[in-house]
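As structure tokens, the structure follows; a few thoughts come after it.
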Amino acid sequence: MHPLARFLVRRVLLAVLMAWGITLVTFVLTNLVPGDPVAANLGQRAMSDPAIVSQWRAEHGLDRPLWQQYLLYLQGLVQGDLGMSQQSHRPVSQDLAEFVPATLELAGAAILVSLVLGVAFGVVAALRRDRLPDHALRVLSLIGISVPTFWLALVAFYVFFYRLQLTPGSGRVDVALGLAPPVTGLQTVDALLAGRWDIFASAAGHLVTPALVLALYTIGLLTRFTRSAVLEVLGQDYVRAARAKGLPGRTILFRYVLRSALVPIITVAGLAFGSLLSGTVLVEAIFAWPGIGQYAYKSATTLDLPAVMGVGLVVGVVYLVINLIVDVLYGVIDPRVRLQ
Amino acid sequence: MRRRDPLARKGLLRRLPEAWRQPLAVAGGVLAVAWIVIALAAPVLAPHDPLAQELPRLAPPGPGHWFGTDQLGRDILSRVMYGARVSIPLTLLLVAMSVLIGGLLGACAGYFGRWVDETIMRVADLVFAFPTVILAMVVAAALGASLTNAVLAVLVVAWPAYARVTRGLVLGVREREFVLSGRLLGFSVWRSLRVDVLPNVTGPVLVLATLDIGTALLLLSGLSFLGLGAKPPSPEWGAMVASGVEVFDSWWVATFPGLAILTVVLAFNFLGDTLRDALDPRTARAIKERAL
């Protein structure tokens, strides 16, 4: 087999194995721990009636042995059935289908912002090493990774919306405009597809503050990594040779330095996506962003087991797929990786 | 008999004093010491009882209550000060426990190899397959909302980073002559781990732990913010920010506890960053690659 094909097959198989592991973790975590879903869902009065309790348990398959519950769960998963949410009384898959696009739009915007700003800042810091811009960016990026996201979201909402009225308030678009006809579920893209510039402007406007708040941590992270990646490449012989040949600085930076520095940067960006998905749980509540983060929080506090498992599963799998893509990209860009 | 890897040691010690003279390290040190003093002396320093509901409600910052009061008429400055007694010791304990558990498991994985290694590292991989807050939230929610359970939840997501770093470092020294000679001299497994392996692992793990204090505090206060940690009367910073969401107009209710979290995290990140620079580049890279 071609080495690249073999590399791809191995990575995909590994990802499938991890996905199976994720189902195991979500299942075990929400079952073996002492929280009692019956108490959380039925309330005191119903709890005192053993008939209701046992009926409820039978209805949700809770009276069977654990391994049978897990097999039932897996069997359902294969058929796209994630169970019924005990709170919304709707299939979890339906809930998730509704909420996931909003979160992907938010996290996608945030990762784009982080990549652009983080890489730019990192390059500047590396090129001006040990001088003022480098020191300033070091402090700024450390502040970026130290700010509690949920607090920053609140402060940004208060200052820019409530006080200065610069940004639109909560939600994804102006209620008056209505939503664009759903195609991808991403408001900005749907609005463009429908040719509705007014909705696009509103959706983009609503996206700016939460995306920036969410991105601050990853901007800090990427600035640090880009700086050290670029510094490492700058010290290589071939960069020195290019400089000695008298190539213009821009050519050296983009063709020689950034190209090989991008490999580690992409890896970190894939991992940073995980912290973005995490951050949505803390940011979405403040901006009333109708995404998976808010759903996760609500279902976790009510011990809505199927919903919690669904969220954990989807977020875990999304994260896994992103990192699989990163790994594959890595292998395509850098031939040395495939041979390991 | 050589007990330690002399290169790693010399690199760390010789460069430390110079590194500590940097402005960042000084700022971090001052902030950290200030917060520890506040935590220790809160009963003396705080102008009011953090739980007493005796002041006018939602009074803006002013003389008598410099950070204002919350919706129950409690002094926010006093609550922020007492909050240091909740968050800082718990965070330090949390990181110490992650270091111990993760370090021990990682050392076993690296030292014994084979199925021990496989089992421990695959479990660690699974934890890494989840974004941290999501997993911590699921664990905390399943265990039930309390500060202890929030700490346990953060512990569940925090140990694998130490397991990875320690395993990598142990693998690096396991076959070295000074470890083998110790084993040949009849050292028991534990003595070999303690005397020959441990000193080579402590430096990088210490840096990781310092950097992790900030992350752990952010995670812990985040869980409390979501209502999965500290219970209401407790002056925990994350829970205080959450209570500020309800009284949006009164900006001071959420702002000051948030600033407290920010400054503590910043202090330890400044310190950790300096420590990392002080380490020799080889181990610094080992941390960078495995800790993310």
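Ligands are numbered from 1 in the order shown, residues from 1 within each chain, and chains are lettered A, B, ... in the order they appear in the structure tokens.
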Problem set entry | Spatial neighbours of A:Ala5, max dist 12 Å, only C-alpha atoms, sep filter under 4 positions, as a ChimeraX atom specification | /A:1,9-12,328,331-332,338-339
Exercise. So which residues of stretch 87-253 of chain A fall under alpha helix (DSSP H) by DSSP, listed as a PyMOL selection string?
Worked result: chain A and resi 92-127+132-146+149-156+187-193+197-234+237-244+249-251
For this session: Pull out every residue of chain B that has at least one atom within 6 Å of chain A, counting only C-alpha atoms, and report them as a list in words.
Result: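 Listed by rising number, the hits are Phe130, Pro131, Val133, Ile134, Ala141, Ala142, Leu143, Leu218, Gly258, Leu262, Val265 and Leu266 of chain B.
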Exercise. How many Å lie between atom CA of A:Leu104 and atom CA of A:Gly291, rounded to one decimal?
Worked result: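 Answer for the atom CA of A:Leu104 to atom CA of A:Gly291 separation: 8.4 Å.
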For this session: List every residue of stretch 41-227 of chain B that DSSP, applied to the backbone of this structure, assigns to strand (DSSP E or B), and report them as a ChimeraX atom specification.
Result: /B:62,65,69,75
Go ahead and save the residues from that selection, with C-alpha atoms, as a compact mmCIF listing (two decimals), in the first residue's frame.
```
# COMPACT_ATOMS: atom_id res chain seq x y z
CA GLY B 62 -17.89 53.89 47.99
CA HIS B 65 -17.73 49.31 51.22
CA THR B 69 -22.51 45.38 48.24
CA ASP B 75 -19.80 43.52 51.59
```
Exercise. Using only C-alpha atoms, which residues sit within 9 Å of B:Leu208 once same-chain residues fewer than 3 positions away are excluded, as a ChimeraX atom specification?
Worked result: /B:161-162,165,203-205,211-213,272,276,287,291
For this session: Check the smallest atom-to-atom distance from each of A:Phe99, A:Val230, A:Tyr295, A:Val28 to A:Gln69 using only C-alpha atoms, then report the winner.
Result: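 Looking only at the distances to A:Gln69, the closest residue turns out to be A:Val28.
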Problem set entry | Contacts of B:Ala107 at 8 Å (only C-alpha atoms; same-chain gap of 5+ positions) as a list in words |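 After dropping sequence-adjacent residues, the list is Ala163, Thr166, Arg167, Val170 and Leu193 of chain B.
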Can you write just those residues out, N, CA and C atoms, as a short mmCIF file (atom, residue, chain, number, x, y, z; two decimals), in the first residue's frame?
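Result written to result.cif:
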```
data_model
loop_
_atom_site.label_atom_id
_atom_site.label_comp_id
_atom_site.auth_asym_id
_atom_site.auth_seq_id
_atom_site.Cartn_x
_atom_site.Cartn_y
_atom_site.Cartn_z
N ALA B 163 0.47 12.37 33.80
CA ALA B 163 0.81 11.00 33.45
C ALA B 163 1.64 10.98 32.17
N THR B 166 5.22 12.64 32.79
CA THR B 166 6.05 11.78 33.63
C THR B 166 6.46 10.52 32.87
N ARG B 167 5.50 9.92 32.17
CA ARG B 167 5.81 8.71 31.41
C ARG B 167 6.94 8.98 30.42
N VAL B 170 10.22 9.40 32.22
CA VAL B 170 10.69 8.14 32.80
C VAL B 170 11.23 7.24 31.69
N LEU B 193 12.80 4.00 41.57
CA LEU B 193 11.94 5.09 41.10
C LEU B 193 12.21 6.35 41.90
#
```
Exercise. Within 10 Å of A:Leu137, counting only C-alpha atoms, which residues qualify if same-chain residues fewer than 6 places away don't, as a list of chain:residue names?
Worked result: A:Phe121, A:Gly122, A:Val124, A:Ala125, A:Ile143, A:Gly220, A:Thr223, A:Arg224, A:Arg227
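Near stretch 84-87 of chain A, within 7 Å and counting only C-alpha atoms, sit Val92, Asp304, Pro306 and Ala307 of chain A; same-chain residues fewer than 5 positions away were not included.
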Skip B:Pro89 itself and residues of its chain fewer than 6 positions away, then list as a PDB file with N, CA and C atoms, in the first residue's frame all residues within 10 Å of it, counting only C-alpha atoms.
```pdb
ATOM      1  N   ILE B  36      -1.795  35.182  48.842  1.00  0.00           N
ATOM      2  CA  ILE B  36      -1.657  34.213  49.936  1.00  0.00           C
ATOM      3  C   ILE B  36      -1.789  34.924  51.277  1.00  0.00           C
ATOM      4  N   ALA B  39      -5.405  35.600  51.814  1.00  0.00           N
ATOM      5  CA  ALA B  39      -6.117  34.384  52.209  1.00  0.00           C
ATOM      6  C   ALA B  39      -5.882  34.083  53.687  1.00  0.00           C
ATOM      7  N   VAL B  95      -4.156  20.659  42.379  1.00  0.00           N
ATOM      8  CA  VAL B  95      -2.995  20.466  41.521  1.00  0.00           C
ATOM      9  C   VAL B  95      -2.029  19.464  42.159  1.00  0.00           C
TER      10      VAL B  95
END
```
Problem set entry | Selected residue, from A:Leu221, A:Ile199, A:Ile292, A:Leu166, that lies nearest to A:Gly178 when counting only C-alpha atoms |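 Selected residue with least distance to A:Gly178: A:Ile199.
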For this session: Could you tell me how far atom CA of A:Thr209 lies from atom CA of A:Ala153, in Å and to one decimal?
Result: 8.2 Å
